[in-house]
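A.B. asks: To start, I am sharing the structure in question, which I have written as structure tokens.
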Amino acid sequence: MSSTAPTGTSFYTESAAATSLLRVIGLKKSFATPQGPLAILKGVDLSLDAGSSIAIMGESGCGKSTLVHLIAGLDEADAGEIFVNGVAVAALSDFGRAALRRETLAIVFQQFNLIPSLTIRANIAFQARLARRLDPKWQEELIDRLGLGSLTERYPEQLSGGQQQRAAIARALAARPRLLLADEPTGNLDEGTGDDFIKLAIEVVAATGCAFLMVTHSRRLAARLERQAKLSSGVIKEL
């Protein structure tokens with residue numbers, strides 16, 4: 001493996017490897033189609049330190065969501081390595097990957113994935129309770145700042161799509177994760193609420209040393225993060 005990477009081609013270097021909270025090395029992923037395997041990721045390299053942020057942009061279908069799912073251990077790569085906080089994701093059992101998602105990282109999906117049988121307040125507290133990091137004061141701050149104060153005793157089906165997305169964002173941030181992954185987190189939000197999420201996420205990064213990776217179509221929001229990249233033709237290039 002090369003010890004350096006030319007600017008504009010790769011985020012991964014050996015010097016970054018020792019300190020990075022997230023390391024992705026030579027990641028490849030294909031999907032079966034009637035015409036044969038379709039390569040989506042063709043050797044993605046990425047490093048992200050604690051306390052830093054990156055926005056990844058790209059056309060629909062280029063593999064952005066696939067990358068998030070692989071990092072979170074929700075799918076398996078064909079080749080390459082992923083390390084989260086020094087742990088090789090591929091080496092973990094299903095139980096270990098679930099523990100990783102519970103205790104180390106949090107994900108804001110395009111789909112809300114709220115638990116229908118729980119109130120919004122209980123949904124927001126859910127992952128933080130599992131991770132044993134529930135902070136009622138922080139939870140109430142999130143509820144207030146995301147405009148959920150009048151909705152906490154309702155159930156997901158009683159909320160609009162944008163309201164459910166705000167609850168999903170609050171749930172992810174409530175656990176104060178080491179790595180926050182967000183897959184088009186503002187797609188169902190108005191511009192002001194989307195800006196509020198980015199501001200909150202950046203504050204969490206600064207206060208806790210969390211690493212933040214966001215997939216987005218919005219260049220405006222991407223510009224708020226420290227680094228910007230484009231996923232194209234199966235590889236990541238710095239902008």
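Going by the structure tokens order, chains are called A, B, ..., each with residues numbered from 1, while ligands are numbered from 1 in the order shown.
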Can you list every residue in range 29-157 of chain A that DSSP puts in alpha helix (DSSP H), as a compact mmCIF listing (two decimals) with C-alpha atoms, in the first residue's frame?
C.D. replies:
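result-v2.txt, written as the output of this step:
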```txt
# COMPACT_ATOMS: atom_id res chain seq x y z
CA LYS A 64 -23.20 6.78 -1.39
CA SER A 65 -25.82 4.90 0.63
CA THR A 66 -24.00 1.63 -0.03
CA LEU A 67 -20.87 3.13 1.51
CA VAL A 68 -22.77 4.21 4.64
CA HIS A 69 -24.32 0.74 5.00
CA LEU A 70 -20.94 -0.95 4.68
CA ILE A 71 -19.33 1.33 7.27
CA ASP A 94 -23.57 -10.13 13.79
CA PHE A 95 -23.73 -9.52 17.54
CA GLY A 96 -20.52 -7.50 17.40
CA ARG A 97 -21.80 -5.35 14.54
CA ALA A 98 -25.02 -4.69 16.45
CA ALA A 99 -22.93 -3.67 19.47
CA LEU A 100 -20.90 -1.34 17.24
CA ARG A 101 -24.07 0.38 16.04
CA ARG A 102 -25.41 0.53 19.58
CA GLU A 103 -22.33 1.81 21.38
CA ILE A 120 -41.39 10.18 20.07
CA ARG A 121 -39.74 10.84 23.45
CA ALA A 122 -39.09 7.12 23.91
CA ASN A 123 -37.78 6.84 20.34
CA ILE A 124 -35.32 9.67 20.94
CA ALA A 125 -34.06 8.04 24.14
CA PHE A 126 -33.89 4.53 22.69
CA GLN A 127 -30.30 4.29 21.44
CA ALA A 128 -28.92 6.43 24.27
CA ARG A 129 -30.47 4.03 26.77
CA LEU A 130 -29.00 1.01 24.98
CA PRO A 136 -32.02 13.85 30.12
CA LYS A 137 -30.77 17.44 29.97
CA TRP A 138 -29.13 16.90 26.57
CA GLN A 139 -32.24 15.07 25.32
CA GLU A 140 -34.47 17.98 26.31
CA GLU A 141 -32.11 20.41 24.57
CA LEU A 142 -32.34 18.37 21.38
CA ILE A 143 -36.13 18.20 21.63
CA ASP A 144 -36.29 21.97 22.04
CA ARG A 145 -33.78 22.86 19.33
```
A.B. asks: Based on the backbone DSSP call, show me all residues of range 122-201 of chain A assigned strand (DSSP E or B), as number ranges by chain.
C.D. replies: A: 179-183
A.B. asks: Selected residues, C-alpha atoms, written as a short mmCIF file (atom, residue, chain, number, x, y, z; two decimals), in the first residue's frame, please.
C.D. replies:
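Wrote it out as out_19.cif, contents follow:
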```
data_model
loop_
_atom_site.label_atom_id
_atom_site.label_comp_id
_atom_site.auth_asym_id
_atom_site.auth_seq_id
_atom_site.Cartn_x
_atom_site.Cartn_y
_atom_site.Cartn_z
CA LEU A 179 -19.09 8.30 14.70
CA LEU A 180 -22.20 9.92 13.24
CA LEU A 181 -23.29 8.75 9.78
CA ALA A 182 -26.00 10.67 7.96
CA ASP A 183 -27.50 9.55 4.64
#
```
A.B. asks: If you measure from CA of Glu59 in chain A to CA of Phe83 in chain A, what distance in Å do you get, rounded to one decimal?
C.D. replies: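 That distance, rounded to one decimal, is 25.8 Å.
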A.B. asks: Considering only C-alpha atoms, return as a PDB file with N, CA and C atoms, in the first residue's frame whatever protein or nucleic-acid residues lie within 10 Å of Val44 in chain A, sequence-local ones (same chain, fewer than 2 positions apart) excluded.
C.D. replies:
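Saved file around.pdb follows:
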```
ATOM      1  N   THR A   9      -7.263  12.288  -5.190  1.00  0.00           N
ATOM      2  CA  THR A   9      -7.543  10.897  -5.532  1.00  0.00           C
ATOM      3  C   THR A   9      -7.912  10.059  -4.333  1.00  0.00           C
ATOM      4  N   SER A  10      -7.386  10.336  -3.146  1.00  0.00           N
ATOM      5  CA  SER A  10      -7.643   9.466  -2.020  1.00  0.00           C
ATOM      6  C   SER A  10      -7.499  10.212  -0.710  1.00  0.00           C
ATOM      7  N   PHE A  11      -8.293   9.826   0.267  1.00  0.00           N
ATOM      8  CA  PHE A  11      -8.195  10.409   1.591  1.00  0.00           C
ATOM      9  C   PHE A  11      -7.302   9.574   2.508  1.00  0.00           C
ATOM     10  N   TYR A  12      -6.919   8.388   2.101  1.00  0.00           N
ATOM     11  CA  TYR A  12      -6.244   7.470   3.008  1.00  0.00           C
ATOM     12  C   TYR A  12      -4.739   7.557   2.866  1.00  0.00           C
ATOM     13  N   VAL A  24     -11.253   3.506   5.752  1.00  0.00           N
ATOM     14  CA  VAL A  24     -11.789   2.658   4.688  1.00  0.00           C
ATOM     15  C   VAL A  24     -10.664   2.470   3.680  1.00  0.00           C
ATOM     16  N   ILE A  25     -10.340   1.220   3.379  1.00  0.00           N
ATOM     17  CA  ILE A  25      -9.172   0.914   2.553  1.00  0.00           C
ATOM     18  C   ILE A  25      -9.565  -0.017   1.415  1.00  0.00           C
ATOM     19  N   GLY A  26      -9.457   0.461   0.187  1.00  0.00           N
ATOM     20  CA  GLY A  26      -9.675  -0.369  -0.988  1.00  0.00           C
ATOM     21  C   GLY A  26     -11.037  -1.048  -1.040  1.00  0.00           C
ATOM     22  N   LEU A  27     -12.082  -0.338  -0.626  1.00  0.00           N
ATOM     23  CA  LEU A  27     -13.408  -0.950  -0.497  1.00  0.00           C
ATOM     24  C   LEU A  27     -14.060  -1.167  -1.855  1.00  0.00           C
ATOM     25  N   LYS A  28     -14.527  -2.395  -2.074  1.00  0.00           N
ATOM     26  CA  LYS A  28     -15.203  -2.746  -3.318  1.00  0.00           C
ATOM     27  C   LYS A  28     -16.540  -3.418  -3.025  1.00  0.00           C
ATOM     28  N   LYS A  29     -17.524  -3.109  -3.858  1.00  0.00           N
ATOM     29  CA  LYS A  29     -18.843  -3.716  -3.703  1.00  0.00           C
ATOM     30  C   LYS A  29     -19.545  -3.765  -5.053  1.00  0.00           C
ATOM     31  N   LEU A  41     -18.771   0.236  -5.927  1.00  0.00           N
ATOM     32  CA  LEU A  41     -17.571   0.790  -5.307  1.00  0.00           C
ATOM     33  C   LEU A  41     -16.376   0.026  -5.852  1.00  0.00           C
ATOM     34  N   LYS A  42     -15.374   0.745  -6.317  1.00  0.00           N
ATOM     35  CA  LYS A  42     -14.282   0.109  -7.058  1.00  0.00           C
ATOM     36  C   LYS A  42     -12.915   0.323  -6.413  1.00  0.00           C
ATOM     37  N   LEU A  46     -10.698   6.101   2.370  1.00  0.00           N
ATOM     38  CA  LEU A  46     -11.226   7.227   3.148  1.00  0.00           C
ATOM     39  C   LEU A  46     -10.667   7.161   4.556  1.00  0.00           C
ATOM     40  N   LEU A  67     -22.039   2.863   0.680  1.00  0.00           N
ATOM     41  CA  LEU A  67     -20.869   3.129   1.508  1.00  0.00           C
ATOM     42  C   LEU A  67     -21.258   3.280   2.968  1.00  0.00           C
ATOM     43  N   GLY A  80     -11.633  -5.227   0.520  1.00  0.00           N
ATOM     44  CA  GLY A  80     -11.260  -4.019   1.235  1.00  0.00           C
ATOM     45  C   GLY A  80     -11.493  -4.153   2.726  1.00  0.00           C
ATOM     46  N   GLU A  81     -11.156  -3.101   3.444  1.00  0.00           N
ATOM     47  CA  GLU A  81     -11.247  -3.117   4.905  1.00  0.00           C
ATOM     48  C   GLU A  81     -11.907  -1.852   5.416  1.00  0.00           C
ATOM     49  N   LEU A 231     -18.130  11.102  -4.735  1.00  0.00           N
ATOM     50  CA  LEU A 231     -18.062   9.681  -5.084  1.00  0.00           C
ATOM     51  C   LEU A 231     -18.507   9.553  -6.533  1.00  0.00           C
ATOM     52  N   GLY A 234     -17.046   4.953  -8.787  1.00  0.00           N
ATOM     53  CA  GLY A 234     -16.659   3.947  -7.808  1.00  0.00           C
ATOM     54  C   GLY A 234     -15.540   4.332  -6.867  1.00  0.00           C
ATOM     55  N   VAL A 235     -15.042   5.581  -6.956  1.00  0.00           N
ATOM     56  CA  VAL A 235     -13.966   6.023  -6.068  1.00  0.00           C
ATOM     57  C   VAL A 235     -14.306   7.408  -5.525  1.00  0.00           C
ATOM     58  N   ILE A 236     -13.624   7.763  -4.429  1.00  0.00           N
ATOM     59  CA  ILE A 236     -13.832   9.058  -3.795  1.00  0.00           C
ATOM     60  C   ILE A 236     -12.699   9.998  -4.173  1.00  0.00           C
ATOM     61  N   LYS A 237     -13.070  11.219  -4.557  1.00  0.00           N
ATOM     62  CA  LYS A 237     -12.080  12.238  -4.878  1.00  0.00           C
ATOM     63  C   LYS A 237     -12.386  13.500  -4.079  1.00  0.00           C
TER      64      LYS A 237
END
```
A.B. asks: Separation of CA of Leu22 in chain A and CA of Ser53 in chain A, in Å?
C.D. replies: 10.9 Å
A.B. asks: Mind pulling up the distance from CA of Ser93 in chain A to CA of Leu74 in chain A?
C.D. replies: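 Computed distance, CA of Leu74 in chain A to CA of Ser93 in chain A, equals 11.6 Å.
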A.B. asks: Find the residues around Asp195 in chain A up to 9 Å (only C-alpha atoms counted), leave out those fewer than 4 positions away in its own chain, and share them as number ranges by chain.
C.D. replies: A: 186, 190-191, 199-200, 221
A.B. asks: Take the selection from the previous step and output its residues with C-alpha atoms, as a CSV table (one decimal), in the first residue's frame.
C.D. replies:
```csv
chain,number,residue,atom,x,y,z
A,186,THR,CA,-32.1,16.8,5.4
A,190,ASP,CA,-37.2,22.5,5.3
A,191,GLU,CA,-34.1,24.6,4.8
A,199,LYS,CA,-25.2,23.3,13.3
A,200,LEU,CA,-26.1,20.7,16.0
A,221,LEU,CA,-24.8,22.1,3.3
```
A.B. asks: With distances taken over only C-alpha atoms, which of A:Gln110, A:Gln35, A:Thr119, A:Thr104 is nearest to Val87 in chain A?
C.D. replies: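 Checking each candidate against Val87 in chain A, we get A:Thr104 as the closest.
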